[in-house]
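Read the structure below first, then the notes.
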Amino acid sequence: MKTNYLFQNRLFGHQQTSEHVYEWNSVNVQGGVGDTVIDLSRTILPKDDAVISIRNIVGNITILVPYGIEIRVHHSVIAGRARIFENKPESRVFNQIYSYQTEGFNETDQKVHIITSILVGDLEVKRV
């Protein structure tokens, strides 16, 4: 059975989830140059762990998370920023690892693991 993935590995280009409702599949993708946008409000997440793993050379990653969904973020960046929800954005950082976890992450069944690695670029996770 062939799986329809949300994203493909791409050397160049912007990628984003559909503007319409889509079936959830965990994301594990590598990119070269370009931005990535994932809107989780247009899908039904599983009742267990959903995983988003993105590795980019240059580009920004934006993830839109519905209220009520708990998340854990592990972000590695050579030069960039990280802003999770309404938290003050980290100032431009160099060669850092940034971690964040919502308060109810360990107690819920529905959660999203976000693992990102960017050479140059920003990560933004927002509530929708």
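Ordering of the structure tokens sets the chain letters (A, B, ...), residue numbers begin anew at 1 in every chain, and ligands are numbered from 1 in the order given.
Residues lying within 6 Å of range 42-51 of chain A, counting only C-alpha atoms and ignoring same-chain neighbours fewer than 2 positions away, are Val21, Tyr22, Glu23, Trp24, Ser26, Leu40, Asp109, Gln110, Lys111, Val112 and His113 of chain A.
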Keeping only N, CA, C and O atoms, write the selected residues to a file as a PDB file, in the first residue's frame.
ATOM      1  N   VAL A  21      -9.030  20.281   4.132  1.00  0.00           N
ATOM      2  CA  VAL A  21      -8.852  19.210   5.113  1.00  0.00           C
ATOM      3  C   VAL A  21      -8.009  18.107   4.477  1.00  0.00           C
ATOM      4  O   VAL A  21      -8.192  17.755   3.316  1.00  0.00           O
ATOM      5  N   TYR A  22      -7.061  17.578   5.253  1.00  0.00           N
ATOM      6  CA  TYR A  22      -6.194  16.527   4.734  1.00  0.00           C
ATOM      7  C   TYR A  22      -6.018  15.426   5.775  1.00  0.00           C
ATOM      8  O   TYR A  22      -6.225  15.638   6.964  1.00  0.00           O
ATOM      9  N   GLU A  23      -5.646  14.233   5.292  1.00  0.00           N
ATOM     10  CA  GLU A  23      -5.407  13.094   6.169  1.00  0.00           C
ATOM     11  C   GLU A  23      -4.022  13.227   6.792  1.00  0.00           C
ATOM     12  O   GLU A  23      -3.047  13.499   6.093  1.00  0.00           O
ATOM     13  N   TRP A  24      -3.928  13.015   8.103  1.00  0.00           N
ATOM     14  CA  TRP A  24      -2.648  13.161   8.802  1.00  0.00           C
ATOM     15  C   TRP A  24      -1.722  11.989   8.516  1.00  0.00           C
ATOM     16  O   TRP A  24      -2.131  10.829   8.559  1.00  0.00           O
ATOM     17  N   SER A  26       2.535  11.353   9.691  1.00  0.00           N
ATOM     18  CA  SER A  26       3.683  11.981  10.331  1.00  0.00           C
ATOM     19  C   SER A  26       4.610  12.553   9.266  1.00  0.00           C
ATOM     20  O   SER A  26       4.684  12.051   8.149  1.00  0.00           O
ATOM     21  N   LEU A  40      -1.914  22.366  11.468  1.00  0.00           N
ATOM     22  CA  LEU A  40      -2.527  21.179  12.067  1.00  0.00           C
ATOM     23  C   LEU A  40      -4.023  21.346  12.313  1.00  0.00           C
ATOM     24  O   LEU A  40      -4.684  20.391  12.699  1.00  0.00           O
ATOM     25  N   ASP A 109      -3.192  12.170  25.880  1.00  0.00           N
ATOM     26  CA  ASP A 109      -2.996  11.111  24.885  1.00  0.00           C
ATOM     27  C   ASP A 109      -2.707  11.689  23.503  1.00  0.00           C
ATOM     28  O   ASP A 109      -2.112  11.032  22.671  1.00  0.00           O
ATOM     29  N   GLN A 110      -3.182  12.901  23.251  1.00  0.00           N
ATOM     30  CA  GLN A 110      -3.013  13.519  21.938  1.00  0.00           C
ATOM     31  C   GLN A 110      -1.937  14.592  22.030  1.00  0.00           C
ATOM     32  O   GLN A 110      -2.132  15.631  22.637  1.00  0.00           O
ATOM     33  N   LYS A 111      -0.783  14.303  21.425  1.00  0.00           N
ATOM     34  CA  LYS A 111       0.349  15.220  21.517  1.00  0.00           C
ATOM     35  C   LYS A 111       1.154  15.202  20.241  1.00  0.00           C
ATOM     36  O   LYS A 111       1.095  14.252  19.459  1.00  0.00           O
ATOM     37  N   VAL A 112       1.909  16.281  20.038  1.00  0.00           N
ATOM     38  CA  VAL A 112       2.715  16.424  18.832  1.00  0.00           C
ATOM     39  C   VAL A 112       4.168  16.639  19.230  1.00  0.00           C
ATOM     40  O   VAL A 112       4.466  17.527  20.045  1.00  0.00           O
ATOM     41  N   HIS A 113       5.057  15.822  18.688  1.00  0.00           N
ATOM     42  CA  HIS A 113       6.496  15.985  18.850  1.00  0.00           C
ATOM     43  C   HIS A 113       6.998  16.742  17.626  1.00  0.00           C
ATOM     44  O   HIS A 113       6.801  16.291  16.497  1.00  0.00           O
TER      45      HIS A 113
END
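Residue nearest His75 in chain A, chosen from A:Gln101, A:Ser41, A:Ser18, A:Gln8 and counting only C-alpha atoms: A:Gln101.
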* **Residue contacts of range 30-37 of chain A (9 Å, only C-alpha atoms) excluding same-chain residues fewer than 2 positions away, as number ranges by chain** => A: 8-17, 28, 39, 53-64, 121
Take the selection from the previous step and output its residues with C-alpha atoms, as an mmCIF file, in the first residue's frame.
data_model
loop_
_atom_site.group_PDB
_atom_site.id
_atom_site.type_symbol
_atom_site.label_atom_id
_atom_site.label_comp_id
_atom_site.auth_asym_id
_atom_site.auth_seq_id
_atom_site.Cartn_x
_atom_site.Cartn_y
_atom_site.Cartn_z
ATOM 1 C CA GLN A 8 8.597 15.505 -0.253
ATOM 2 C CA ASN A 9 12.328 16.010 0.164
ATOM 3 C CA ARG A 10 13.136 19.089 -1.920
ATOM 4 C CA LEU A 11 16.347 20.950 -2.596
ATOM 5 C CA PHE A 12 14.510 24.201 -3.452
ATOM 6 C CA GLY A 13 11.003 25.462 -2.856
ATOM 7 C CA HIS A 14 8.310 26.395 -0.390
ATOM 8 C CA GLN A 15 6.115 23.600 1.003
ATOM 9 C CA GLN A 16 2.910 23.777 2.998
ATOM 10 C CA THR A 17 -0.009 21.617 4.000
ATOM 11 C CA ASN A 28 9.829 13.358 8.191
ATOM 12 C CA ASP A 39 -1.294 23.859 9.661
ATOM 13 C CA SER A 53 10.607 16.088 11.858
ATOM 14 C CA ILE A 54 12.018 18.728 9.498
ATOM 15 C CA ARG A 55 15.627 19.345 8.497
ATOM 16 C CA ASN A 56 16.384 22.409 6.351
ATOM 17 C CA ILE A 57 19.542 24.113 5.192
ATOM 18 C CA VAL A 58 18.066 27.629 4.772
ATOM 19 C CA GLY A 59 14.459 28.632 5.412
ATOM 20 C CA ASN A 60 11.815 29.266 8.019
ATOM 21 C CA ILE A 61 9.491 26.695 9.570
ATOM 22 C CA THR A 62 6.010 27.696 10.762
ATOM 23 C CA ILE A 63 3.736 25.236 12.569
ATOM 24 C CA LEU A 64 0.145 26.183 13.420
ATOM 25 C CA GLY A 121 16.352 30.154 9.576
#
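Candidate residues A:Val27, A:Ala82, A:Ile38, A:Ile118 were compared for distance to Tyr100 in chain A, and the nearest is A:Ala82, using only C-alpha atoms.
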* Please provide the set of residues having any atom within 7 Å of Tyr67 in chain A, restricted to only C-alpha atoms, with same-chain residues fewer than 2 positions apart removed, written as a VMD selection string. => chain A and resid 65 69 127 to 128
Sel. of strand (DSSP E or B) residues, range 47-111 of chain A, as a PDB file with N, CA, C and O atoms, in the first residue's frame:
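To be explicit, this is the file written out as part.pdb:
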ATOM      1  N   ASP A  49       0.911   9.752  19.684  1.00  0.00           N
ATOM      2  CA  ASP A  49       1.912  10.731  19.290  1.00  0.00           C
ATOM      3  C   ASP A  49       1.879  10.996  17.787  1.00  0.00           C
ATOM      4  O   ASP A  49       1.862  10.065  16.989  1.00  0.00           O
ATOM      5  N   ALA A  50       1.894  12.270  17.444  1.00  0.00           N
ATOM      6  CA  ALA A  50       2.090  12.692  16.054  1.00  0.00           C
ATOM      7  C   ALA A  50       3.492  13.301  15.993  1.00  0.00           C
ATOM      8  O   ALA A  50       3.892  14.029  16.895  1.00  0.00           O
ATOM      9  N   VAL A  51       4.235  12.989  14.947  1.00  0.00           N
ATOM     10  CA  VAL A  51       5.626  13.436  14.855  1.00  0.00           C
ATOM     11  C   VAL A  51       5.813  14.318  13.627  1.00  0.00           C
ATOM     12  O   VAL A  51       5.357  13.980  12.538  1.00  0.00           O
ATOM     13  N   ILE A  52       6.501  15.450  13.855  1.00  0.00           N
ATOM     14  CA  ILE A  52       6.911  16.335  12.766  1.00  0.00           C
ATOM     15  C   ILE A  52       8.416  16.472  12.882  1.00  0.00           C
ATOM     16  O   ILE A  52       8.931  16.984  13.877  1.00  0.00           O
ATOM     17  N   SER A  53       9.147  16.004  11.878  1.00  0.00           N
ATOM     18  CA  SER A  53      10.607  16.088  11.858  1.00  0.00           C
ATOM     19  C   SER A  53      11.012  16.774  10.553  1.00  0.00           C
ATOM     20  O   SER A  53      10.747  16.243   9.473  1.00  0.00           O
ATOM     21  N   ILE A  54      11.635  17.952  10.674  1.00  0.00           N
ATOM     22  CA  ILE A  54      12.018  18.728   9.498  1.00  0.00           C
ATOM     23  C   ILE A  54      13.473  19.148   9.631  1.00  0.00           C
ATOM     24  O   ILE A  54      13.883  19.687  10.659  1.00  0.00           O
ATOM     25  N   ARG A  55      14.236  18.911   8.565  1.00  0.00           N
ATOM     26  CA  ARG A  55      15.627  19.345   8.497  1.00  0.00           C
ATOM     27  C   ARG A  55      15.782  20.213   7.256  1.00  0.00           C
ATOM     28  O   ARG A  55      15.490  19.761   6.149  1.00  0.00           O
ATOM     29  N   ASN A  56      16.201  21.467   7.452  1.00  0.00           N
ATOM     30  CA  ASN A  56      16.384  22.409   6.351  1.00  0.00           C
ATOM     31  C   ASN A  56      17.788  22.991   6.389  1.00  0.00           C
ATOM     32  O   ASN A  56      18.378  23.106   7.470  1.00  0.00           O
ATOM     33  N   ILE A  57      18.272  23.389   5.234  1.00  0.00           N
ATOM     34  CA  ILE A  57      19.542  24.113   5.192  1.00  0.00           C
ATOM     35  C   ILE A  57      19.264  25.584   5.458  1.00  0.00           C
ATOM     36  O   ILE A  57      19.787  26.157   6.401  1.00  0.00           O
ATOM     37  N   VAL A  58      18.425  26.219   4.610  1.00  0.00           N
ATOM     38  CA  VAL A  58      18.066  27.629   4.772  1.00  0.00           C
ATOM     39  C   VAL A  58      16.563  27.757   4.589  1.00  0.00           C
ATOM     40  O   VAL A  58      16.009  27.271   3.599  1.00  0.00           O
ATOM     41  N   ILE A  61      10.497  27.724   9.324  1.00  0.00           N
ATOM     42  CA  ILE A  61       9.491  26.695   9.570  1.00  0.00           C
ATOM     43  C   ILE A  61       8.413  27.314  10.441  1.00  0.00           C
ATOM     44  O   ILE A  61       8.712  27.886  11.493  1.00  0.00           O
ATOM     45  N   THR A  62       7.153  27.206   9.995  1.00  0.00           N
ATOM     46  CA  THR A  62       6.010  27.696  10.762  1.00  0.00           C
ATOM     47  C   THR A  62       5.064  26.528  10.977  1.00  0.00           C
ATOM     48  O   THR A  62       4.699  25.844  10.015  1.00  0.00           O
ATOM     49  N   ILE A  63       4.669  26.315  12.240  1.00  0.00           N
ATOM     50  CA  ILE A  63       3.736  25.236  12.569  1.00  0.00           C
ATOM     51  C   ILE A  63       2.577  25.849  13.333  1.00  0.00           C
ATOM     52  O   ILE A  63       2.778  26.505  14.364  1.00  0.00           O
ATOM     53  N   LEU A  64       1.361  25.648  12.816  1.00  0.00           N
ATOM     54  CA  LEU A  64       0.145  26.183  13.420  1.00  0.00           C
ATOM     55  C   LEU A  64      -0.549  25.045  14.164  1.00  0.00           C
ATOM     56  O   LEU A  64      -0.909  24.033  13.562  1.00  0.00           O
ATOM     57  N   VAL A  65      -0.711  25.218  15.483  1.00  0.00           N
ATOM     58  CA  VAL A  65      -1.213  24.154  16.354  1.00  0.00           C
ATOM     59  C   VAL A  65      -2.547  24.583  16.961  1.00  0.00           C
ATOM     60  O   VAL A  65      -2.639  25.665  17.559  1.00  0.00           O
ATOM     61  N   GLU A  70      -1.228  19.412  22.965  1.00  0.00           N
ATOM     62  CA  GLU A  70       0.028  19.587  23.696  1.00  0.00           C
ATOM     63  C   GLU A  70       1.206  19.287  22.776  1.00  0.00           C
ATOM     64  O   GLU A  70       1.110  18.420  21.899  1.00  0.00           O
ATOM     65  N   ILE A  71       2.303  19.997  22.987  1.00  0.00           N
ATOM     66  CA  ILE A  71       3.464  19.813  22.108  1.00  0.00           C
ATOM     67  C   ILE A  71       4.768  19.722  22.908  1.00  0.00           C
ATOM     68  O   ILE A  71       4.860  20.186  24.035  1.00  0.00           O
ATOM     69  N   ARG A  72       5.747  19.101  22.259  1.00  0.00           N
ATOM     70  CA  ARG A  72       7.134  19.104  22.727  1.00  0.00           C
ATOM     71  C   ARG A  72       7.982  19.483  21.519  1.00  0.00           C
ATOM     72  O   ARG A  72       7.822  18.919  20.443  1.00  0.00           O
ATOM     73  N   VAL A  73       8.883  20.471  21.705  1.00  0.00           N
ATOM     74  CA  VAL A  73       9.710  20.970  20.615  1.00  0.00           C
ATOM     75  C   VAL A  73      11.182  20.747  20.943  1.00  0.00           C
ATOM     76  O   VAL A  73      11.621  21.047  22.057  1.00  0.00           O
ATOM     77  N   HIS A  74      11.912  20.208  19.970  1.00  0.00           N
ATOM     78  CA  HIS A  74      13.378  20.148  20.024  1.00  0.00           C
ATOM     79  C   HIS A  74      13.856  20.806  18.735  1.00  0.00           C
ATOM     80  O   HIS A  74      13.590  20.298  17.643  1.00  0.00           O
ATOM     81  N   HIS A  75      14.530  21.935  18.890  1.00  0.00           N
ATOM     82  CA  HIS A  75      14.934  22.736  17.729  1.00  0.00           C
ATOM     83  C   HIS A  75      16.433  22.972  17.787  1.00  0.00           C
ATOM     84  O   HIS A  75      16.959  23.439  18.792  1.00  0.00           O
ATOM     85  N   SER A  76      17.110  22.651  16.699  1.00  0.00           N
ATOM     86  CA  SER A  76      18.548  22.866  16.599  1.00  0.00           C
ATOM     87  C   SER A  76      18.791  23.833  15.452  1.00  0.00           C
ATOM     88  O   SER A  76      18.259  23.647  14.356  1.00  0.00           O
ATOM     89  N   VAL A  77      19.597  24.864  15.709  1.00  0.00           N
ATOM     90  CA  VAL A  77      19.819  25.896  14.700  1.00  0.00           C
ATOM     91  C   VAL A  77      21.264  26.379  14.768  1.00  0.00           C
ATOM     92  O   VAL A  77      21.843  26.474  15.849  1.00  0.00           O
ATOM     93  N   ILE A  78      21.829  26.659  13.612  1.00  0.00           N
ATOM     94  CA  ILE A  78      23.152  27.280  13.575  1.00  0.00           C
ATOM     95  C   ILE A  78      23.000  28.791  13.686  1.00  0.00           C
ATOM     96  O   ILE A  78      23.663  29.426  14.488  1.00  0.00           O
ATOM     97  N   ALA A  79      22.101  29.403  12.893  1.00  0.00           N
ATOM     98  CA  ALA A  79      21.827  30.846  12.983  1.00  0.00           C
ATOM     99  C   ALA A  79      20.350  31.068  12.729  1.00  0.00           C
ATOM    100  O   ALA A  79      19.857  30.778  11.643  1.00  0.00           O
ATOM    101  N   GLY A  80      19.622  31.543  13.744  1.00  0.00           N
ATOM    102  CA  GLY A  80      18.190  31.775  13.585  1.00  0.00           C
ATOM    103  C   GLY A  80      17.531  32.112  14.906  1.00  0.00           C
ATOM    104  O   GLY A  80      18.199  32.428  15.891  1.00  0.00           O
ATOM    105  N   ALA A  82      13.848  31.172  17.547  1.00  0.00           N
ATOM    106  CA  ALA A  82      12.729  30.270  17.841  1.00  0.00           C
ATOM    107  C   ALA A  82      11.688  31.056  18.623  1.00  0.00           C
ATOM    108  O   ALA A  82      12.014  31.735  19.591  1.00  0.00           O
ATOM    109  N   ARG A  83      10.426  30.956  18.166  1.00  0.00           N
ATOM    110  CA  ARG A  83       9.325  31.570  18.908  1.00  0.00           C
ATOM    111  C   ARG A  83       8.232  30.520  19.035  1.00  0.00           C
ATOM    112  O   ARG A  83       7.706  30.029  18.034  1.00  0.00           O
ATOM    113  N   ILE A  84       7.930  30.166  20.282  1.00  0.00           N
ATOM    114  CA  ILE A  84       6.914  29.158  20.560  1.00  0.00           C
ATOM    115  C   ILE A  84       5.730  29.851  21.231  1.00  0.00           C
ATOM    116  O   ILE A  84       5.875  30.423  22.313  1.00  0.00           O
ATOM    117  N   VAL A  93      20.204  33.488  17.600  1.00  0.00           N
ATOM    118  CA  VAL A  93      21.105  32.571  18.299  1.00  0.00           C
ATOM    119  C   VAL A  93      22.035  31.914  17.298  1.00  0.00           C
ATOM    120  O   VAL A  93      21.737  31.810  16.117  1.00  0.00           O
ATOM    121  N   PHE A  94      23.155  31.459  17.791  1.00  0.00           N
ATOM    122  CA  PHE A  94      24.135  30.782  16.963  1.00  0.00           C
ATOM    123  C   PHE A  94      24.483  29.449  17.597  1.00  0.00           C
ATOM    124  O   PHE A  94      24.815  29.384  18.770  1.00  0.00           O
ATOM    125  N   ASN A  95      24.351  28.390  16.820  1.00  0.00           N
ATOM    126  CA  ASN A  95      24.736  27.054  17.227  1.00  0.00           C
ATOM    127  C   ASN A  95      24.108  26.666  18.568  1.00  0.00           C
ATOM    128  O   ASN A  95      24.810  26.349  19.518  1.00  0.00           O
ATOM    129  N   GLN A  96      22.759  26.672  18.597  1.00  0.00           N
ATOM    130  CA  GLN A  96      22.039  26.386  19.831  1.00  0.00           C
ATOM    131  C   GLN A  96      21.030  25.259  19.635  1.00  0.00           C
ATOM    132  O   GLN A  96      20.586  24.985  18.519  1.00  0.00           O
ATOM    133  N   ILE A  97      20.671  24.646  20.755  1.00  0.00           N
ATOM    134  CA  ILE A  97      19.566  23.698  20.799  1.00  0.00           C
ATOM    135  C   ILE A  97      18.525  24.298  21.729  1.00  0.00           C
ATOM    136  O   ILE A  97      18.843  24.739  22.838  1.00  0.00           O
ATOM    137  N   TYR A  98      17.278  24.344  21.270  1.00  0.00           N
ATOM    138  CA  TYR A  98      16.194  24.963  22.018  1.00  0.00           C
ATOM    139  C   TYR A  98      15.132  23.895  22.263  1.00  0.00           C
ATOM    140  O   TYR A  98      14.736  23.183  21.338  1.00  0.00           O
ATOM    141  N   SER A  99      14.671  23.763  23.521  1.00  0.00           N
ATOM    142  CA  SER A  99      13.633  22.786  23.858  1.00  0.00           C
ATOM    143  C   SER A  99      12.487  23.482  24.574  1.00  0.00           C
ATOM    144  O   SER A  99      12.696  24.422  25.336  1.00  0.00           O
ATOM    145  N   TYR A 100      11.279  22.980  24.325  1.00  0.00           N
ATOM    146  CA  TYR A 100      10.075  23.539  24.948  1.00  0.00           C
ATOM    147  C   TYR A 100       9.048  22.415  25.047  1.00  0.00           C
ATOM    148  O   TYR A 100       8.963  21.558  24.153  1.00  0.00           O
ATOM    149  N   GLN A 101       8.279  22.439  26.129  1.00  0.00           N
ATOM    150  CA  GLN A 101       7.211  21.456  26.300  1.00  0.00           C
ATOM    151  C   GLN A 101       6.045  22.123  26.997  1.00  0.00           C
ATOM    152  O   GLN A 101       6.237  22.836  27.982  1.00  0.00           O
ATOM    153  N   LYS A 111      -0.783  14.303  21.425  1.00  0.00           N
ATOM    154  CA  LYS A 111       0.349  15.220  21.517  1.00  0.00           C
ATOM    155  C   LYS A 111       1.154  15.202  20.241  1.00  0.00           C
ATOM    156  O   LYS A 111       1.095  14.252  19.459  1.00  0.00           O
TER     157      LYS A 111
END
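Reported to one decimal place, the separation of CA of Lys126 in chain A from CA of Phe85 in chain A is 4.6 Å.
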* Structure fact -> What separates CA of Tyr5 in chain A and CA of Val29 in chain A is a distance of 9.6 Å
